[in-house]
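Q: To be precise about what I am sending: the file is called run_33.cif and holds mmCIF, C-alpha atoms.
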data_model
loop_
_atom_site.label_atom_id
_atom_site.label_comp_id
_atom_site.auth_asym_id
_atom_site.auth_seq_id
_atom_site.Cartn_x
_atom_site.Cartn_y
_atom_site.Cartn_z
CA MET A 789 19.55 -10.52 48.71
CA LYS A 790 18.48 -8.06 46.06
CA PRO A 791 14.72 -7.34 46.28
CA SER A 792 12.86 -8.30 43.15
CA PHE A 793 11.14 -5.55 41.23
CA LYS A 794 7.35 -5.85 40.99
CA LEU A 795 5.53 -3.85 38.38
CA ASP A 796 2.35 -3.68 40.46
CA ALA A 797 4.29 -2.04 43.27
CA HIS A 798 5.74 0.60 40.97
CA PRO A 799 3.72 3.84 40.69
CA ARG A 800 1.77 3.58 37.44
CA ARG A 801 1.98 6.55 35.08
CA PRO A 802 -0.33 7.24 32.14
CA ARG A 803 2.69 7.14 29.88
CA PRO A 804 6.50 6.88 30.03
CA LEU A 805 8.49 9.84 31.28
CA LEU A 806 9.05 11.45 27.91
CA SER A 807 9.38 15.13 27.23
CA GLU A 808 6.20 16.87 26.14
CA PRO A 809 5.86 17.90 22.49
CA PRO A 810 6.63 21.57 21.72
CA ALA A 811 4.22 24.16 23.10
CA GLY A 812 1.19 24.63 20.87
CA TYR A 813 1.91 21.41 19.01
CA PHE A 814 -1.63 20.05 19.35
CA ASP A 815 -3.08 23.41 18.27
CA GLN A 816 -1.05 23.30 15.05
CA LEU A 817 -1.33 19.59 14.28
CA PRO A 818 -4.96 19.62 12.97
CA MET A 819 -4.06 22.43 10.55
CA GLN A 820 -0.99 20.55 9.33
CA ILE A 821 -3.04 17.43 8.80
CA MET A 822 -5.87 19.29 7.07
CA ALA A 823 -3.31 20.95 4.78
CA ARG A 824 -2.24 17.53 3.57
CA LEU A 825 -5.76 16.33 2.81
CA PRO A 826 -6.66 18.33 -0.33
CA GLN A 827 -3.57 16.96 -2.07
CA VAL A 828 -4.71 13.45 -1.34
CA GLU A 829 -8.22 14.24 -2.55
CA ALA A 830 -6.97 15.99 -5.67
CA HIS A 831 -4.71 13.06 -6.43
CA GLU A 832 -7.61 10.68 -6.07
CA THR A 833 -10.06 12.67 -8.15
CA ALA A 834 -7.59 13.78 -10.80
CA GLY A 835 -7.88 10.45 -12.56
CA GLY A 836 -11.58 10.19 -11.87
CA GLY A 837 -10.75 6.88 -10.24
CA ARG A 838 -12.33 7.19 -6.82
CA TRP A 839 -14.68 4.37 -7.72
CA LEU A 840 -11.65 2.10 -8.15
CA ALA A 841 -11.04 2.30 -4.42
CA PHE A 842 -14.25 0.40 -3.83
CA LEU A 843 -13.18 -2.56 -5.98
CA PRO A 844 -11.19 -5.48 -4.59
CA SER A 845 -7.51 -5.40 -5.44
CA ALA A 846 -7.75 -8.57 -7.55
CA LEU A 847 -10.49 -7.02 -9.68
CA ARG A 848 -8.48 -3.82 -10.04
CA THR A 849 -5.49 -5.86 -11.27
CA SER A 850 -7.71 -7.69 -13.77
CA LEU A 851 -9.14 -4.41 -15.03
CA ALA A 852 -5.65 -3.02 -15.51
CA SER A 853 -4.64 -6.12 -17.52
CA VAL A 854 -7.73 -5.87 -19.71
CA ALA A 855 -7.08 -2.16 -20.27
CA VAL A 856 -3.49 -2.80 -21.38
CA LEU A 857 -4.54 -5.66 -23.65
CA GLY A 858 -7.37 -3.55 -25.07
CA GLY A 859 -4.89 -0.80 -25.79
CA PHE A 860 -2.73 -3.15 -27.83
CA VAL A 861 -5.71 -4.48 -29.77
CA ALA A 862 -7.06 -0.99 -30.43
CA SER A 863 -3.70 0.30 -31.59
CA PHE A 864 -3.38 -2.70 -33.92
CA TYR A 865 -6.75 -2.14 -35.56
CA LEU A 866 -6.55 1.63 -35.64
CA SER A 867 -3.01 1.87 -36.95
CA GLY A 868 -4.34 2.07 -40.54
CA THR A 869 -1.44 0.03 -41.99
CA PRO A 870 -2.81 -2.70 -44.23
CA PRO A 871 -1.38 -6.18 -43.78
CA LEU A 872 1.37 -7.16 -46.20
CA VAL A 873 -0.73 -9.85 -47.83
CA PRO A 874 -4.43 -9.11 -48.24
CA ALA A 875 -6.58 -11.81 -46.80
CA THR A 876 -8.29 -12.80 -50.04
CA ALA A 877 -9.74 -16.24 -50.65
CA SER A 878 -6.96 -17.17 -53.05
CA THR A 879 -4.09 -16.26 -50.72
CA ALA A 880 -5.87 -17.90 -47.83
CA SER A 881 -6.19 -21.16 -49.71
CA LEU A 882 -2.59 -20.97 -50.93
CA ASP A 883 -1.36 -20.27 -47.45
CA ALA A 884 -3.07 -23.42 -46.27
CA VAL A 885 -0.88 -25.58 -48.54
CA PRO A 886 2.57 -26.38 -47.11
CA ARG A 887 5.42 -24.90 -49.10
CA THR A 888 7.16 -28.28 -49.55
CA GLU A 889 4.02 -29.74 -51.09
CA LEU A 890 3.76 -26.83 -53.50
CA VAL A 891 7.37 -27.26 -54.62
CA GLY A 892 6.92 -31.03 -54.88
CA TYR A 893 3.85 -30.59 -57.02
CA LEU A 894 5.55 -28.18 -59.39
CA LEU A 895 8.62 -30.43 -59.72
CA THR A 896 6.74 -33.67 -60.35
CA SER A 897 3.78 -32.49 -62.41
CA GLU A 898 5.93 -30.77 -65.00
CA ALA A 899 3.80 -27.71 -64.44
CA ARG A 900 5.68 -24.60 -65.28
CA VAL A 901 5.08 -21.02 -64.40
CA GLU A 902 5.82 -18.87 -67.34
CA ASN A 903 6.30 -15.17 -67.61
CA VAL A 904 2.91 -14.82 -69.10
CA ASP A 905 1.41 -16.50 -66.01
CA LEU A 906 3.11 -13.99 -63.81
CA ALA A 907 1.99 -11.13 -66.03
CA VAL A 908 -1.60 -12.28 -65.97
CA LEU A 909 -1.51 -12.92 -62.24
CA THR A 910 -0.02 -9.53 -61.54
CA ALA A 911 -2.60 -7.76 -63.64
CA ALA A 912 -5.49 -9.76 -62.23
CA ASP A 913 -4.57 -9.52 -58.55
CA PRO A 914 -1.79 -7.08 -57.74
CA GLY A 915 -2.25 -7.67 -54.05
CA LEU A 916 -1.63 -11.36 -54.39
CA ALA A 917 1.56 -10.81 -56.38
CA ASN A 918 2.78 -8.28 -53.85
CA GLY A 919 2.59 -11.02 -51.28
CA PHE A 920 5.47 -13.01 -52.68
CA LEU A 921 7.07 -10.99 -55.46
CA HIS A 922 7.71 -7.87 -53.39
CA ALA A 923 7.84 -5.74 -56.53
CA SER A 924 5.50 -3.12 -57.94
CA GLU A 925 3.35 -3.74 -60.96
CA ASP A 926 5.43 -1.36 -63.08
CA GLU A 927 8.66 -3.06 -62.04
CA LEU A 928 7.23 -6.43 -62.96
CA ASN A 929 5.99 -5.23 -66.33
CA ASP A 930 9.36 -3.70 -67.09
CA ALA A 931 11.13 -6.93 -66.16
CA LEU A 932 8.71 -9.00 -68.23
CA ASP A 933 9.02 -6.75 -71.26
CA ALA A 934 12.78 -7.19 -71.16
CA GLN A 935 12.51 -11.03 -71.37
CA PRO A 936 12.47 -13.01 -74.65
CA SER A 937 8.99 -14.15 -75.54
CA ASP A 938 9.87 -17.89 -75.40
CA ASP A 939 11.67 -17.73 -72.05
CA THR A 940 10.17 -19.77 -69.23
CA THR A 941 10.81 -19.65 -65.53
CA SER A 942 10.72 -22.66 -63.27
CA LEU A 943 9.98 -22.34 -59.64
CA MET B 873 -18.00 -3.37 29.49
CA PRO B 874 -17.17 -3.74 25.81
CA GLY B 875 -17.90 -0.69 23.74
CA ARG B 876 -17.30 1.78 26.55
CA PRO B 877 -14.23 3.95 26.04
CA THR B 878 -11.71 3.52 28.79
CA ALA B 879 -10.75 6.33 31.05
CA ALA B 880 -7.48 6.73 29.21
CA LEU B 881 -9.22 7.02 25.86
CA ALA B 882 -12.24 9.11 26.81
CA ALA B 883 -12.01 12.65 25.52
CA PRO B 884 -11.87 15.31 28.21
CA ALA B 885 -14.63 17.93 28.12
CA ARG B 886 -13.31 21.02 26.34
CA PHE B 887 -14.76 24.01 24.59
CA PRO B 888 -16.06 23.87 21.87
CA PRO B 889 -18.11 20.78 22.74
CA ARG B 890 -16.85 17.80 20.85
CA LEU B 891 -19.04 15.78 18.57
CA GLU B 892 -19.85 12.18 19.30
CA ASP B 893 -18.34 9.65 16.91
CA HIS B 894 -21.64 8.97 15.16
CA GLU B 895 -22.15 12.71 14.63
CA ILE B 896 -18.67 13.02 13.14
CA LEU B 897 -19.33 10.12 10.80
CA LEU B 898 -22.71 11.54 9.78
CA LYS B 899 -21.23 14.94 8.99
CA PHE B 900 -18.33 13.31 7.16
CA GLN B 901 -20.75 11.74 4.67
CA ASP B 902 -21.90 15.20 3.62
CA PRO B 903 -19.30 16.87 1.34
CA ALA B 904 -20.33 20.29 2.66
CA SER B 905 -19.42 19.41 6.25
CA ARG B 906 -16.73 16.81 5.58
CA ASN B 907 -13.72 18.98 6.40
CA LEU B 908 -15.34 20.32 9.54
CA ALA B 909 -16.19 16.80 10.72
CA PHE B 910 -12.69 15.55 10.06
CA ASN B 911 -11.17 18.51 11.86
CA GLN B 912 -13.29 17.57 14.87
CA LEU B 913 -12.13 13.98 14.60
CA VAL B 914 -8.47 15.02 14.55
CA ARG B 915 -8.91 17.31 17.54
CA LYS B 916 -10.70 14.57 19.44
CA TYR B 917 -8.14 11.81 18.89
CA GLN B 918 -4.84 13.55 18.11
CA ARG B 919 -3.42 13.27 21.62
CA LYS B 920 -4.33 9.61 21.95
CA VAL B 921 -2.84 8.77 18.58
CA TYR B 922 0.27 10.86 19.15
CA TRP B 923 1.07 9.28 22.50
CA HIS B 924 0.25 5.80 21.27
CA VAL B 925 2.75 6.33 18.47
CA ARG B 926 5.27 8.19 20.63
CA LYS B 927 5.47 5.32 23.12
CA MET B 928 6.42 3.04 20.26
CA VAL B 929 8.92 5.24 18.38
CA ILE B 930 10.04 7.44 21.35
CA ASP B 931 11.29 10.27 19.12
CA HIS B 932 8.97 13.27 18.77
CA ALA B 933 9.80 13.97 15.11
CA ASP B 934 9.04 10.38 14.14
CA ALA B 935 5.85 10.44 16.19
CA ASP B 936 4.81 13.69 14.49
CA ASP B 937 5.30 12.25 11.00
CA LEU B 938 3.53 9.03 11.85
CA THR B 939 0.61 10.78 13.54
CA GLN B 940 0.01 12.86 10.44
CA ASP B 941 0.28 9.77 8.25
CA VAL B 942 -2.25 8.00 10.44
CA PHE B 943 -4.85 10.74 10.07
CA VAL B 944 -4.28 11.03 6.33
CA LYS B 945 -5.01 7.30 6.11
CA VAL B 946 -8.05 7.73 8.31
CA TRP B 947 -9.30 10.41 5.91
CA LYS B 948 -8.75 8.19 2.90
CA HIS B 949 -10.55 5.19 4.35
CA LEU B 950 -13.17 6.73 6.62
CA GLU B 951 -15.82 6.44 3.91
CA ASN B 952 -15.35 2.68 4.00
CA PHE B 953 -15.47 2.48 7.80
CA ARG B 954 -18.18 -0.07 8.51
CA GLN B 955 -18.89 0.92 12.13
CA ASP B 956 -18.74 -2.72 13.20
CA ALA B 957 -15.86 -1.55 15.38
CA GLN B 958 -15.63 1.62 17.44
CA LEU B 959 -14.08 4.55 15.68
CA PHE B 960 -11.21 4.99 18.14
CA THR B 961 -10.44 1.24 17.99
CA TRP B 962 -10.26 1.47 14.21
CA ILE B 963 -7.99 4.53 14.40
CA TYR B 964 -5.79 2.78 16.97
CA ARG B 965 -5.49 -0.14 14.60
CA ILE B 966 -4.28 2.10 11.78
CA ALA B 967 -1.84 3.81 14.14
CA THR B 968 -0.56 0.45 15.38
CA ASN B 969 0.06 -0.80 11.85
CA GLU B 970 1.86 2.42 10.98
CA CYS B 971 4.15 2.03 14.00
CA LEU B 972 4.94 -1.60 13.31
CA ASN B 973 5.60 -0.87 9.63
CA PHE B 974 7.83 2.06 10.55
CA LEU B 975 9.92 0.03 12.99
CA GLY B 976 10.06 -2.92 10.60
CA SER B 977 11.17 -0.77 7.67
CA LYS B 978 13.77 0.92 9.83
CA ARG B 979 15.17 -2.48 10.71
CA ARG B 980 15.17 -3.62 7.09
CA LYS B 981 16.59 -0.34 5.79
CA PHE B 982 19.61 -0.40 8.04
CA LEU B 983 19.76 -4.21 8.35
CA LEU B 984 19.49 -3.86 12.09
CA PRO B 985 18.74 -6.75 14.43
CA LEU B 986 15.90 -6.40 16.91
CA ASN B 987 18.08 -5.38 19.84
CA ASP B 988 19.81 -2.59 17.92
CA VAL B 989 16.57 -0.75 17.28
CA GLY B 990 15.69 -1.25 20.95
CA ALA B 991 19.10 0.16 21.90
CA GLU B 992 18.59 3.13 19.61
CA LEU B 993 15.21 3.84 21.18
CA ALA B 994 16.70 3.40 24.65
CA ALA B 995 19.44 5.90 23.81
CA LYS B 996 16.79 8.42 22.75
CA MET B 997 14.89 7.72 25.95
CA GLU B 998 18.02 8.24 28.10
CA ALA B 999 18.73 11.52 26.33
CA ASP B 1000 15.28 12.80 27.20
CA PRO B 1001 15.60 15.27 30.10
CA ALA B 1002 12.19 14.27 31.41
CA ILE B 1003 13.46 10.92 32.64
CA ALA B 1004 16.85 12.06 33.96
CA GLY B 1005 17.35 11.39 37.63
CA ASP B 1006 14.76 8.64 37.93
CA ALA B 1007 16.92 5.49 37.89
CA ILE B 1008 14.11 2.98 38.41
CA GLU B 1009 11.93 4.58 35.76
CA LEU B 1010 14.87 4.56 33.35
CA LYS B 1011 15.49 0.85 33.97
CA LEU B 1012 11.80 0.19 33.52
CA GLN B 1013 11.78 1.95 30.14
CA GLN B 1014 14.95 0.15 29.07
CA ALA B 1015 13.28 -3.13 29.94
CA ILE B 1016 10.16 -2.22 27.98
CA LEU B 1017 12.21 -1.18 24.96
CA ARG B 1018 13.93 -4.56 24.95
CA LEU B 1019 10.63 -6.27 24.26
CA PRO B 1020 9.82 -7.28 20.67
CA ASP B 1021 7.72 -4.63 18.91
CA LYS B 1022 4.41 -6.49 19.06
CA GLN B 1023 4.87 -7.49 22.69
CA ARG B 1024 5.81 -3.92 23.54
CA LEU B 1025 2.66 -2.77 21.83
CA VAL B 1026 0.59 -5.19 23.92
CA PHE B 1027 2.36 -4.02 27.05
CA ASN B 1028 1.71 -0.35 26.26
CA LEU B 1029 -1.97 -0.88 25.50
CA ARG B 1030 -2.53 -2.82 28.69
CA TYR B 1031 -0.19 -1.17 31.18
CA TYR B 1032 -0.37 2.48 30.14
CA ASP B 1033 -3.70 2.76 28.32
CA GLU B 1034 -5.43 0.17 30.53
CA MET B 1035 -7.28 -1.01 27.48
CA PRO B 1036 -9.58 -4.02 27.95
CA TYR B 1037 -8.33 -7.20 26.30
CA GLU B 1038 -11.38 -7.31 24.01
CA GLN B 1039 -10.51 -3.92 22.56
CA MET B 1040 -6.86 -4.87 22.36
CA ALA B 1041 -7.93 -7.88 20.31
CA GLU B 1042 -9.72 -5.54 17.88
CA VAL B 1043 -6.72 -3.23 17.64
CA THR B 1044 -4.10 -5.92 17.19
CA GLY B 1045 -6.13 -8.60 15.42
CA THR B 1046 -4.94 -11.13 18.02
CA SER B 1047 -7.02 -13.40 20.24
CA VAL B 1048 -7.69 -12.42 23.84
CA GLY B 1049 -5.92 -15.54 25.10
CA ALA B 1050 -2.80 -14.81 23.12
CA LEU B 1051 -2.82 -11.20 24.34
CA LYS B 1052 -3.09 -12.27 27.99
CA ALA B 1053 -0.19 -14.67 27.57
CA SER B 1054 1.87 -12.05 25.76
CA TYR B 1055 1.27 -9.45 28.47
CA HIS B 1056 2.05 -11.93 31.24
CA HIS B 1057 5.39 -12.82 29.63
CA ALA B 1058 6.14 -9.15 28.98
CA VAL B 1059 5.62 -8.29 32.65
CA LYS B 1060 7.90 -11.13 33.72
CA LYS B 1061 10.64 -10.00 31.32
CA VAL B 1062 10.37 -6.40 32.50
CA GLU B 1063 10.47 -7.33 36.19
CA ASP B 1064 13.45 -9.66 35.68
CA TYR B 1065 15.41 -7.03 33.74
CA VAL B 1066 14.81 -4.27 36.28
CA THR B 1067 15.65 -6.61 39.18
CA ARG B 1068 18.92 -7.71 37.55
CA ASN B 1069 19.97 -4.19 36.56
CA THR B 1070 19.10 -2.21 39.64
CA ASP B 1071 21.57 -1.54 42.45
CA GLU B 1072 20.43 -2.44 45.91
#
As structure tokens, what does this structure read like?
A:
Amino acid sequence: MKPSFKLDAHPRRPRPLLSEPPAGYFDQLPMQIMARLPQVEAHETAGGGRWLAFLPSALRTSLASVAVLGGFVASFYLSGTPPLVPATASTASLDAVPRTELVGYLLTSEARVENVDLAVLTAADPGLANGFLHASEDELNDALDAQPSDDTTSL
Amino acid sequence: MPGRPTAALAAPARFPPRLEDHEILLKFQDPASRNLAFNQLVRKYQRKVYWHVRKMVIDHADADDLTQDVFVKVWKHLENFRQDAQLFTWIYRIATNECLNFLGSKRRKFLLPLNDVGAELAAKMEADPAIAGDAIELKLQQAILRLPDKQRLVFNLRYYDEMPYEQMAEVTGTSVGALKASYHHAVKKVEDYVTRNTDE
């Protein structure tokens, strides 16, 4: 019968029989490791973000989200491009009325918008007219001057 | 006695005299002496870390890469080391995680089953001239390499490093009871394999 192998009976070694590392390996290893460290440190300090390492990962993720969102908001407000329709009181109140109700009112109340209304409106509040006419003041005046004086326009 | 370095982990007396762990940590806090302190730390633990890693990955080149990675991680996180564990236990834990991640990623990268990585490691072991001619030792190593990674780690820490179970629990993050059971089963598997695969 084959004798069973017992680990306790086997001579114990401090480690498996593996070949030793190259001569001088442990003299060189600290220098190799130290040579890698400044890169790590430089990488960490380059962004000035060493303090981030002390924050929990969830907080770091939240901070990153807030930073991205803040970037969008800042770029929106700092872009310098005015909105298409200025937020005046008159446009705000008009915007609050549904378009179908406006059309219904104009159709049933026999109210008519005449060229003169448009001319006055354009002169009084060019920004408001720009919101829905999409034409410059000069273009509008030219178009109005070309119309007969008794012509009316229904919306 | 918990807290006392084992014989396998204790640093041999060499010139220049090595700093105690608390001295290394104290000097590491000072930017002026940080590099010097870390150099001392590397010199103190490099052999332990290297052989801990080498037993797991067998190949010297892999062990070299991983050992360097371990110490770079130690450098990055040493400031946050809370000293509620011993320094060498903490370093062992980092080294252990590096080894397990390395073996796991190797398996995932090449879509290898568990036994294939064990076979690859065994082939490297057999090619090592240091073990040639010792049939029993070769069978023993083959048996050890057939163990799952975590069980092999437990076996190495207990059998080769003679690490107390309490310290093994700190290194592996596993309970002492589970470690004892794992080591007991590992020994049985190793003995059975060597018995079955050894000529009379």
Q: If we count only C-alpha atoms and set the cut-off at 7 Å, which residues sit around stretch 905-919 of chain B, ignoring sequence neighbours fewer than 4 positions away in its own chain? Please answer as a list in words.
A: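 Close residues of stretch 905-919 of chain B: Pro818 of chain A; Ala883, Arg890, Ile896, Lys899, Phe900, Gln901 and Trp923 of chain B.
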Q: To verify the selection step, state as a PyMOL selection string which residues the PyMOL selection byres ((chain B) within 8 of (chain A)) yields on this input.
A: chain B and resi 880+907+911+914-915+918-919+923+927+930+932+940+943-944+947-948+997+1000-1003+1009+1013+1032-1033+1059+1063-1064+1066-1067+1072
Q: From the options B:Leu972, B:Leu938, B:Val921, B:Ala904, which residue's atoms come nearest to B:Pro1020, counting all atoms listed in the file?
A: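 The closest residue to B:Pro1020 is B:Leu972.
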Q: So what do you get for atom CA of B:His1056 versus atom CA of B:Arg1030, distance-wise?
A: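 The value is 10.5 Å.
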Q: Any idea what the distance is between atom CA of B:Gln1014 and atom CA of B:Lys996?
A: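 Interatomic distance here is 10.6 Å.
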